[in-house]
>>> print(open('model-v4.tsv').read())   # TSV, C-alpha atoms
chain	number	residue	atom	x	y	z
Y	1	MET	CA	20.21	11.02	6.17
Y	2	ASN	CA	16.59	12.09	5.65
Y	3	ASN	CA	16.06	15.77	4.95
Y	4	PHE	CA	12.79	16.08	6.89
Y	5	ALA	CA	13.79	19.45	8.36
Y	6	SER	CA	13.43	21.02	4.91
Y	7	ILE	CA	9.73	20.09	4.69
Y	8	PRO	CA	7.44	23.01	5.64
Y	9	ALA	CA	4.44	22.52	7.94
Y	10	LEU	CA	1.16	21.88	6.17
Y	11	ASP	CA	-2.07	23.41	7.47
Y	12	ALA	CA	-4.75	21.19	5.96
Y	13	ALA	CA	-7.62	23.54	6.85
Y	14	ALA	CA	-5.85	26.47	5.18
Y	15	VAL	CA	-5.07	24.51	2.00
Y	16	LEU	CA	-8.67	23.29	1.76
Y	17	LYS	CA	-9.96	26.84	2.26
Y	18	ARG	CA	-7.61	28.19	-0.41
Y	19	PHE	CA	-9.07	25.77	-2.95
Y	20	HIS	CA	-12.66	26.12	-1.67
Y	21	LEU	CA	-12.80	22.48	-0.59
Y	22	HIS	CA	-13.97	20.44	2.38
Y	23	ALA	CA	-12.97	16.99	3.61
Y	24	ASP	CA	-15.27	14.39	2.06
Y	25	LYS	CA	-16.57	12.06	4.77
Y	26	SER	CA	-17.83	9.56	2.20
Y	27	LEU	CA	-14.22	9.10	1.04
Y	28	GLY	CA	-12.92	8.81	4.59
Y	29	GLN	CA	-10.80	11.95	4.25
Y	30	ASN	CA	-8.90	12.85	7.40
Y	31	PHE	CA	-5.71	14.71	6.53
Y	32	LEU	CA	-2.66	13.91	8.66
Y	33	GLN	CA	-0.75	17.11	9.33
Y	34	ASP	CA	1.30	16.46	12.49
Y	35	ALA	CA	4.99	16.57	11.51
Y	36	SER	CA	6.08	14.12	14.21
Y	37	ALA	CA	3.54	11.52	13.07
Y	38	LEU	CA	4.48	11.98	9.39
Y	39	GLU	CA	8.14	11.47	10.25
Y	40	LYS	CA	7.34	8.29	12.18
Y	41	ILE	CA	5.51	6.84	9.16
Y	42	ALA	CA	8.43	7.63	6.85
Y	43	LEU	CA	10.96	6.15	9.27
Y	44	ALA	CA	8.85	2.99	9.77
Y	45	ALA	CA	9.11	2.32	6.03
Y	46	GLU	CA	12.94	2.27	6.13
Y	47	MET	CA	13.13	3.74	2.65
Y	48	GLN	CA	16.41	3.65	0.74
Y	49	ALA	CA	17.57	6.29	-1.77
Y	50	ASP	CA	16.90	3.93	-4.71
Y	51	ASP	CA	13.42	2.81	-3.59
Y	52	CYS	CA	10.21	3.23	-5.56
Y	53	VAL	CA	7.19	3.93	-3.36
Y	54	LEU	CA	3.47	3.55	-4.02
Y	55	GLU	CA	1.24	5.89	-2.00
Y	56	ILE	CA	-2.52	5.36	-1.92
Y	57	GLY	CA	-4.74	8.38	-1.24
Y	58	PRO	CA	-2.14	11.18	-0.98
Y	59	GLY	CA	-4.89	13.73	-0.30
Y	60	LEU	CA	-3.16	17.07	0.17
Y	61	GLY	CA	0.34	15.61	-0.11
Y	62	SER	CA	1.40	15.93	3.51
Y	63	LEU	CA	2.96	12.43	3.65
Y	64	THR	CA	3.96	12.46	-0.03
Y	65	ARG	CA	6.61	15.10	0.69
Y	66	TYR	CA	8.27	12.88	3.32
Y	67	LEU	CA	8.33	10.01	0.84
Y	68	ALA	CA	9.72	12.23	-1.92
Y	69	VAL	CA	12.78	13.31	0.10
Y	70	SER	CA	13.48	9.72	1.12
Y	71	ALA	CA	12.98	7.64	-2.04
Y	72	LYS	CA	13.94	7.69	-5.69
Y	73	GLN	CA	10.40	7.76	-7.07
Y	74	VAL	CA	6.89	8.13	-5.60
Y	75	THR	CA	3.73	7.12	-7.43
Y	76	ALA	CA	0.69	8.61	-5.68
Y	77	VAL	CA	-2.75	7.28	-6.64
Y	78	GLU	CA	-5.60	9.68	-5.78
Y	79	LEU	CA	-9.29	8.92	-6.28
Y	80	ASP	CA	-10.80	12.36	-5.58
Y	81	PRO	CA	-10.50	14.73	-8.59
Y	82	ASP	CA	-10.96	17.72	-6.27
Y	83	MET	CA	-7.64	16.87	-4.58
Y	84	LEU	CA	-5.59	17.05	-7.78
Y	85	ALA	CA	-5.17	20.85	-7.87
Y	86	PRO	CA	-4.08	21.31	-4.22
Y	87	LEU	CA	-1.93	18.17	-4.48
Y	88	LYS	CA	-0.13	19.57	-7.52
Y	89	ALA	CA	0.42	22.89	-5.72
Y	90	VAL	CA	1.82	21.29	-2.57
Y	91	LEU	CA	4.09	18.93	-4.54
Y	92	THR	CA	5.52	21.55	-6.92
Y	93	PRO	CA	9.02	21.42	-5.33
Y	94	TYR	CA	9.23	17.61	-5.65
Y	95	GLN	CA	10.11	16.44	-9.15
Y	96	ASN	CA	10.21	12.71	-8.33
Y	97	VAL	CA	6.46	12.37	-7.65
Y	98	ARG	CA	4.01	11.05	-10.23
Y	99	VAL	CA	0.32	11.57	-9.44
Y	100	VAL	CA	-2.15	9.08	-10.90
Y	101	HIS	CA	-5.87	9.87	-10.82
Y	102	GLY	CA	-7.75	6.62	-10.28
Y	103	ASP	CA	-9.24	4.05	-7.92
Y	104	ILE	CA	-6.50	1.75	-6.62
Y	105	LEU	CA	-9.05	-1.01	-6.07
Y	106	LYS	CA	-9.96	-0.97	-9.76
Y	107	LEU	CA	-6.38	-0.80	-10.99
Y	108	SER	CA	-3.92	-3.64	-11.35
Y	109	ILE	CA	-0.91	-2.82	-9.18
Y	110	SER	CA	1.37	-3.47	-12.16
Y	111	GLN	CA	-0.56	-0.76	-14.04
Y	112	VAL	CA	0.66	1.93	-11.67
Y	113	ILE	CA	4.08	0.67	-10.60
Y	114	ASP	CA	6.36	-1.65	-12.55
Y	115	GLN	CA	9.30	-1.87	-10.17
Y	116	PRO	CA	9.80	-5.10	-8.19
Y	117	ASN	CA	10.75	-4.79	-4.51
Y	118	TYR	CA	8.74	-1.58	-4.16
Y	119	LEU	CA	7.26	-0.18	-0.94
Y	120	VAL	CA	3.72	0.89	-0.12
Y	121	VAL	CA	3.43	3.78	2.35
Y	122	ALA	CA	0.05	5.43	2.86
Y	123	ASN	CA	-2.52	6.97	5.16
Y	124	ILE	CA	-5.59	5.13	3.87
Y	125	PRO	CA	-9.34	5.60	4.43
Y	126	TYR	CA	-10.50	3.46	7.36
Y	127	ASN	CA	-13.57	2.20	5.52
Y	128	ILE	CA	-11.61	0.31	2.85
Y	129	THR	CA	-8.64	-0.87	4.93
Y	130	SER	CA	-9.19	-4.61	4.47
Y	131	LEU	CA	-9.95	-4.23	0.74
Y	132	ILE	CA	-6.73	-2.30	0.11
Y	133	ILE	CA	-4.58	-4.72	2.11
Y	134	ARG	CA	-6.06	-7.71	0.29
Y	135	HIS	CA	-5.60	-6.01	-3.09
Y	136	LEU	CA	-1.91	-5.37	-2.35
Y	137	LEU	CA	-1.08	-8.76	-0.87
Y	138	GLU	CA	-2.88	-10.76	-3.55
Y	139	SER	CA	-1.44	-8.81	-6.48
Y	140	ASP	CA	1.00	-10.44	-8.89
Y	141	LEU	CA	3.55	-7.71	-8.16
Y	142	LYS	CA	3.81	-7.71	-4.37
Y	143	PRO	CA	5.64	-5.04	-2.37
Y	144	ARG	CA	8.47	-5.98	-0.03
Y	145	ARG	CA	7.00	-3.86	2.77
Y	146	VAL	CA	3.68	-2.15	3.46
Y	147	VAL	CA	3.32	0.73	5.96
Y	148	LEU	CA	-0.22	1.97	6.52
Y	149	THR	CA	-1.83	4.42	8.90
Y	150	ILE	CA	-5.08	2.73	9.91
Y	151	GLN	CA	-7.55	2.61	12.79
Y	152	LYS	CA	-5.72	1.50	15.97
Y	153	GLU	CA	-8.24	-1.23	16.77
Y	154	VAL	CA	-7.93	-2.74	13.29
Y	155	ALA	CA	-4.12	-2.70	13.48
Y	156	GLU	CA	-4.29	-4.54	16.80
Y	157	ARG	CA	-6.63	-7.16	15.28
Y	158	ILE	CA	-4.23	-7.71	12.38
Y	159	CYS	CA	-1.32	-8.27	14.78
Y	160	ALA	CA	-3.24	-10.71	17.02
Y	161	LYS	CA	-1.81	-14.05	18.14
Y	162	PRO	CA	-3.48	-17.50	18.06
Y	163	GLY	CA	-6.32	-17.48	20.56
Y	164	ASP	CA	-7.57	-14.14	19.27
Y	165	LEU	CA	-7.08	-14.46	15.52
Y	166	SER	CA	-9.59	-13.25	12.93
Y	167	LEU	CA	-10.20	-13.72	9.24
Y	168	LEU	CA	-8.42	-10.40	8.60
Y	169	ALA	CA	-5.41	-11.31	10.77
Y	170	LEU	CA	-4.90	-14.64	9.01
Y	171	SER	CA	-5.36	-13.04	5.58
Y	172	VAL	CA	-2.47	-10.68	6.36
Y	173	GLN	CA	-0.21	-12.97	8.39
Y	174	VAL	CA	-0.10	-15.64	5.70
Y	175	TYR	CA	1.69	-13.10	3.44
Y	176	GLY	CA	3.82	-11.15	5.91
Y	177	LYS	CA	4.76	-10.27	9.47
Y	178	PRO	CA	2.66	-7.37	10.84
Y	179	SER	CA	3.73	-5.06	13.66
Y	180	ILE	CA	2.62	-1.72	15.09
Y	181	ALA	CA	5.34	0.91	14.70
Y	182	ALA	CA	3.58	3.73	16.61
Y	183	ILE	CA	0.23	5.10	17.75
Y	184	ILE	CA	-1.04	8.37	16.25
Y	185	PRO	CA	-3.51	10.41	18.35
Y	186	ALA	CA	-6.74	11.49	16.68
Y	187	ASP	CA	-5.86	15.19	17.02
Y	188	SER	CA	-2.99	14.73	14.56
Y	189	PHE	CA	-5.57	14.84	11.75
Y	190	HIS	CA	-7.90	17.40	10.18
Y	191	PRO	CA	-10.75	16.91	10.62
Y	192	VAL	CA	-10.21	15.01	13.86
Y	193	PRO	CA	-11.52	11.41	13.63
Y	194	LYS	CA	-13.30	9.73	16.54
Y	195	VAL	CA	-10.56	7.13	17.10
Y	196	ASP	CA	-6.79	6.97	17.38
Y	197	SER	CA	-4.71	5.50	14.57
Y	198	ALA	CA	-1.72	3.20	14.39
Y	199	ILE	CA	1.16	2.83	11.96
Y	200	LEU	CA	0.94	-0.77	10.76
Y	201	ARG	CA	4.06	-2.23	9.17
Y	202	ILE	CA	3.87	-5.51	7.23
Y	203	ASP	CA	7.13	-7.12	6.13
Y	204	ILE	CA	6.20	-9.36	3.21
Y	205	TYR	CA	7.59	-12.90	3.07
Y	206	ASP	CA	9.38	-14.09	-0.07
Y	207	GLU	CA	6.74	-16.81	-0.26
Y	208	PRO	CA	3.39	-17.09	1.61
Y	209	LEU	CA	3.36	-19.35	4.69
Y	210	ILE	CA	0.80	-21.47	2.86
Y	211	PRO	CA	2.09	-22.85	-0.49
Y	212	ASN	CA	0.58	-21.08	-3.49
Y	213	ALA	CA	-1.06	-24.31	-4.63
Y	214	LEU	CA	-2.99	-24.45	-1.34
Y	215	LEU	CA	-3.86	-20.76	-0.93
Y	216	ASN	CA	-7.34	-21.07	-2.42
Y	217	THR	CA	-8.06	-23.98	-0.08
Y	218	PHE	CA	-6.67	-22.00	2.86
Y	219	PHE	CA	-8.93	-19.00	2.21
Y	220	LYS	CA	-11.92	-21.27	1.66
Y	221	LEU	CA	-11.27	-23.02	4.98
Y	222	ILE	CA	-10.68	-19.91	7.09
Y	223	LYS	CA	-13.76	-18.23	5.61
Y	224	ALA	CA	-15.80	-21.30	6.56
Y	225	GLY	CA	-14.15	-21.56	9.98
Y	226	PHE	CA	-15.02	-17.97	10.87
Y	227	SER	CA	-18.49	-18.06	9.30
Y	228	GLN	CA	-20.00	-18.96	12.68
Y	229	LYS	CA	-17.37	-17.86	15.16
Y	230	ARG	CA	-19.11	-19.03	18.31
Y	231	LYS	CA	-19.43	-22.59	17.05
Y	232	THR	CA	-16.82	-25.32	17.23
Y	233	LEU	CA	-14.72	-25.95	14.15
Y	234	ARG	CA	-16.60	-29.18	13.51
Y	235	ASN	CA	-19.85	-27.24	13.15
Y	236	SER	CA	-18.56	-24.06	11.50
Y	237	LEU	CA	-16.63	-26.00	8.84
Y	238	SER	CA	-19.63	-28.26	8.26
Y	239	SER	CA	-21.88	-25.24	7.76
Y	240	GLY	CA	-19.40	-23.12	5.79
Y	241	LEU	CA	-18.28	-25.94	3.48
Y	242	HIS	CA	-21.74	-27.50	3.21
Y	243	ILE	CA	-20.50	-30.92	4.32
Y	244	PRO	CA	-21.75	-33.35	7.02
Y	245	THR	CA	-20.31	-32.88	10.52
Y	246	THR	CA	-18.89	-36.40	10.29
Y	247	GLU	CA	-16.76	-35.25	7.35
Y	248	SER	CA	-15.54	-32.06	9.03
Y	249	GLU	CA	-14.78	-34.00	12.21
Y	250	SER	CA	-12.79	-36.57	10.23
Y	251	MET	CA	-10.86	-33.84	8.43
Y	252	LEU	CA	-9.91	-32.13	11.71
Y	253	THR	CA	-8.91	-35.41	13.32
Y	254	LYS	CA	-6.72	-36.26	10.33
Y	255	ALA	CA	-4.97	-32.89	10.77
Y	256	GLY	CA	-4.41	-33.60	14.47
Y	257	ILE	CA	-6.75	-30.79	15.57
Y	258	ASP	CA	-9.35	-31.13	18.31
Y	259	TYR	CA	-12.68	-30.71	16.51
Y	260	MET	CA	-14.14	-28.93	19.56
Y	261	ARG	CA	-11.76	-25.97	19.17
Y	262	ARG	CA	-12.80	-22.64	17.64
Y	263	ALA	CA	-11.36	-20.94	14.57
Y	264	GLU	CA	-9.63	-18.07	16.40
Y	265	THR	CA	-7.39	-20.51	18.32
Y	266	LEU	CA	-5.72	-22.12	15.29
Y	267	SER	CA	-2.25	-21.05	14.15
Y	268	ILE	CA	-1.37	-20.72	10.46
Y	269	ASP	CA	0.61	-23.96	10.72
Y	270	GLU	CA	-2.53	-25.75	11.93
Y	271	TRP	CA	-4.57	-24.27	9.08
Y	272	ARG	CA	-1.90	-25.59	6.71
Y	273	ARG	CA	-2.28	-29.08	8.17
Y	274	LEU	CA	-6.02	-28.75	7.65
Y	275	CYS	CA	-5.43	-27.77	4.01
Y	276	ASP	CA	-3.36	-30.94	3.55
Y	277	ALA	CA	-6.10	-33.01	5.20
Y	278	LYS	CA	-8.93	-31.67	3.05
>>> encode(input="model-v4.tsv", output="structure tokens")
Amino acid sequence: MNNFASIPALDAAAVLKRFHLHADKSLGQNFLQDASALEKIALAAEMQADDCVLEIGPGLGSLTRYLAVSAKQVTAVELDPDMLAPLKAVLTPYQNVRVVHGDILKLSISQVIDQPNYLVVANIPYNITSLIIRHLLESDLKPRRVVLTIQKEVAERICAKPGDLSLLALSVQVYGKPSIAAIIPADSFHPVPKVDSAILRIDIYDEPLIPNALLNTFFKLIKAGFSQKRKTLRNSLSSGLHIPTTESESMLTKAGIDYMRRAETLSIDEWRRLCDAK
């Protein structure tokens, strides 16, 4: 049973004031301090007592404490050097947390965590959401589950179905099954952002839906397909791949796909057929 009741409330404004700090807008710092929201994130991760957890951007440690009482070990990677002192102060009671100062996008995942089957649980900056997700899902050492607090609109895009798919949605769904665990109102943060957030959970597949040997082709094709979204696949693939329309039309026909369709309507299975036809 999780011991969340033992975790004291955290007043982000008071902690920042104590250390003579302010939230850095350029780093996308909005500190989640609502206890109910923090508990929902921790529960969405379904952490076990022997789990190792990677947290990206712990900030003031509000979420880190919920991870620490739920898992065996927490590795928290923080970019902002100004956050290290308050983070250390807040996390003093928790001996199973290791804080790493660095940029997660410039670090190999295996450099910061060496345990297979690990979890990623984090409240990440909105402005680098897609970069962080891609970095995690394309790493050699993949997590078994990712739980991120991100902008609600972006979470909804990631969870879209065929007919409304995007480059981002396909890039996530090829590696795992995304779902929205809960919505977090903007006033749960300090400072208050302009939009609501969502808890996005991604359960990672043992193997990608596209075979590893075809992944590069898959990403090349979807990037080309979405390069001119309003155009038909025949034209967008022709333009994006720098091939004649006759060739793109032939490729689509071979895959059993109507060349007048648009990229957002194709399922991952159809993109796989297109990879085989290329």
>>> closest_residue(input="model-v4.tsv", among="Y:Ile109, Y:Ile7, Y:Ala42, Y:Ala35", to="Leu91 of chain Y", atoms="only C-alpha atoms")
Y:Ile7
>>> residues_around(input="model-v4.tsv", residues="segment 266-275 of chain Y", least_positions_apart="2", cutoff="12 Å", atoms="all atoms listed in the file", output="short mmCIF file (atom, residue, chain, number, x, y, z; two decimals) with C-alpha atoms, in the frame of the given file")
data_model
loop_
_atom_site.label_atom_id
_atom_site.label_comp_id
_atom_site.auth_asym_id
_atom_site.auth_seq_id
_atom_site.Cartn_x
_atom_site.Cartn_y
_atom_site.Cartn_z
CA ALA Y 160 -3.24 -10.71 17.02
CA LYS Y 161 -1.81 -14.05 18.14
CA PRO Y 162 -3.48 -17.50 18.06
CA GLY Y 163 -6.32 -17.48 20.56
CA ASP Y 164 -7.57 -14.14 19.27
CA LEU Y 165 -7.08 -14.46 15.52
CA SER Y 166 -9.59 -13.25 12.93
CA LEU Y 167 -10.20 -13.72 9.24
CA ALA Y 169 -5.41 -11.31 10.77
CA LEU Y 170 -4.90 -14.64 9.01
CA SER Y 171 -5.36 -13.04 5.58
CA VAL Y 172 -2.47 -10.68 6.36
CA GLN Y 173 -0.21 -12.97 8.39
CA VAL Y 174 -0.10 -15.64 5.70
CA TYR Y 175 1.69 -13.10 3.44
CA GLY Y 176 3.82 -11.15 5.91
CA PRO Y 208 3.39 -17.09 1.61
CA LEU Y 209 3.36 -19.35 4.69
CA ILE Y 210 0.80 -21.47 2.86
CA PRO Y 211 2.09 -22.85 -0.49
CA ASN Y 212 0.58 -21.08 -3.49
CA ALA Y 213 -1.06 -24.31 -4.63
CA LEU Y 214 -2.99 -24.45 -1.34
CA LEU Y 215 -3.86 -20.76 -0.93
CA ASN Y 216 -7.34 -21.07 -2.42
CA THR Y 217 -8.06 -23.98 -0.08
CA PHE Y 218 -6.67 -22.00 2.86
CA PHE Y 219 -8.93 -19.00 2.21
CA LYS Y 220 -11.92 -21.27 1.66
CA LEU Y 221 -11.27 -23.02 4.98
CA ILE Y 222 -10.68 -19.91 7.09
CA LYS Y 223 -13.76 -18.23 5.61
CA ALA Y 224 -15.80 -21.30 6.56
CA GLY Y 225 -14.15 -21.56 9.98
CA PHE Y 226 -15.02 -17.97 10.87
CA THR Y 232 -16.82 -25.32 17.23
CA LEU Y 233 -14.72 -25.95 14.15
CA LEU Y 237 -16.63 -26.00 8.84
CA SER Y 248 -15.54 -32.06 9.03
CA GLU Y 249 -14.78 -34.00 12.21
CA SER Y 250 -12.79 -36.57 10.23
CA MET Y 251 -10.86 -33.84 8.43
CA LEU Y 252 -9.91 -32.13 11.71
CA THR Y 253 -8.91 -35.41 13.32
CA LYS Y 254 -6.72 -36.26 10.33
CA ALA Y 255 -4.97 -32.89 10.77
CA GLY Y 256 -4.41 -33.60 14.47
CA ILE Y 257 -6.75 -30.79 15.57
CA ASP Y 258 -9.35 -31.13 18.31
CA TYR Y 259 -12.68 -30.71 16.51
CA MET Y 260 -14.14 -28.93 19.56
CA ARG Y 261 -11.76 -25.97 19.17
CA ARG Y 262 -12.80 -22.64 17.64
CA ALA Y 263 -11.36 -20.94 14.57
CA GLU Y 264 -9.63 -18.07 16.40
CA ALA Y 277 -6.10 -33.01 5.20
CA LYS Y 278 -8.93 -31.67 3.05
#
>>> closest_residue(input="model-v4.tsv", among="Y:Pro178, Y:Pro143, Y:Pro58, Y:Pro86", to="Ala198 of chain Y", atoms="only C-alpha atoms")
Y:Pro178
>>> atom_distance(input="model-v4.tsv", atom1="atom CA of Ala12 of chain Y", atom2="atom CA of Gln33 of chain Y")
6.6 Å
>>> closest_residue(input="model-v4.tsv", among="Y:Thr245, Y:Gly102, Y:Lys229, Y:Leu79", to="Thr265 of chain Y", atoms="all atoms listed in the file")
Y:Lys229
>>> closest_residue(input="model-v4.tsv", among="Y:His135, Y:Tyr126, Y:Asn3, Y:Ala14", to="Ala71 of chain Y", atoms="all atoms listed in the file")
Y:Asn3
>>> closest_residue(input="model-v4.tsv", among="Y:Asp34, Y:Arg145, Y:Ile56, Y:Ala181", to="Ile132 of chain Y", atoms="only C-alpha atoms")
Y:Ile56
>>> closest_residue(input="model-v4.tsv", among="Y:Cys159, Y:Ala9, Y:Ile204, Y:Val100", to="Leu87 of chain Y", atoms="all atoms listed in the file")
Y:Val100
>>> axis_aligned_box(input="model-v4.tsv", around="segment 171-190 of chain Y", padding_each_side="3 Å", output="AutoDock Vina command-line options")
--center_x -1.3 --center_y 0.9 --center_z 10.9 --size_x 19.2 --size_y 39.0 --size_z 20.9
>>> atom_distance(input="model-v4.tsv", atom1="atom CA of Lys142 of chain Y", atom2="atom CA of Asn2 of chain Y")
25.6 Å
>>> atom_distance(input="model-v4.tsv", atom1="atom CA of Lys231 of chain Y", atom2="atom CA of Ser179 of chain Y")
29.2 Å
>>> residues_around(input="model-v4.tsv", residues="Pro81 of chain Y", least_positions_apart="4", cutoff="12 Å", atoms="all atoms listed in the file", output="list in words")
Leu21, Asp24, Leu27, Gly57, Pro58, Gly59, Leu60, Val77, Ala85, Pro86, Leu87, Lys88, Val99, Val100, His101, Gly102 and Asp103 of chain Y
>>> residues_around(input="model-v4.tsv", residues="Thr64 of chain Y", least_positions_apart="2", cutoff="12 Å", atoms="all atoms listed in the file", output="ChimeraX atom specification")
/Y:4,7,10,31-33,38-39,41-42,53-62,66-71,73-78,87-88,90-99,120-123
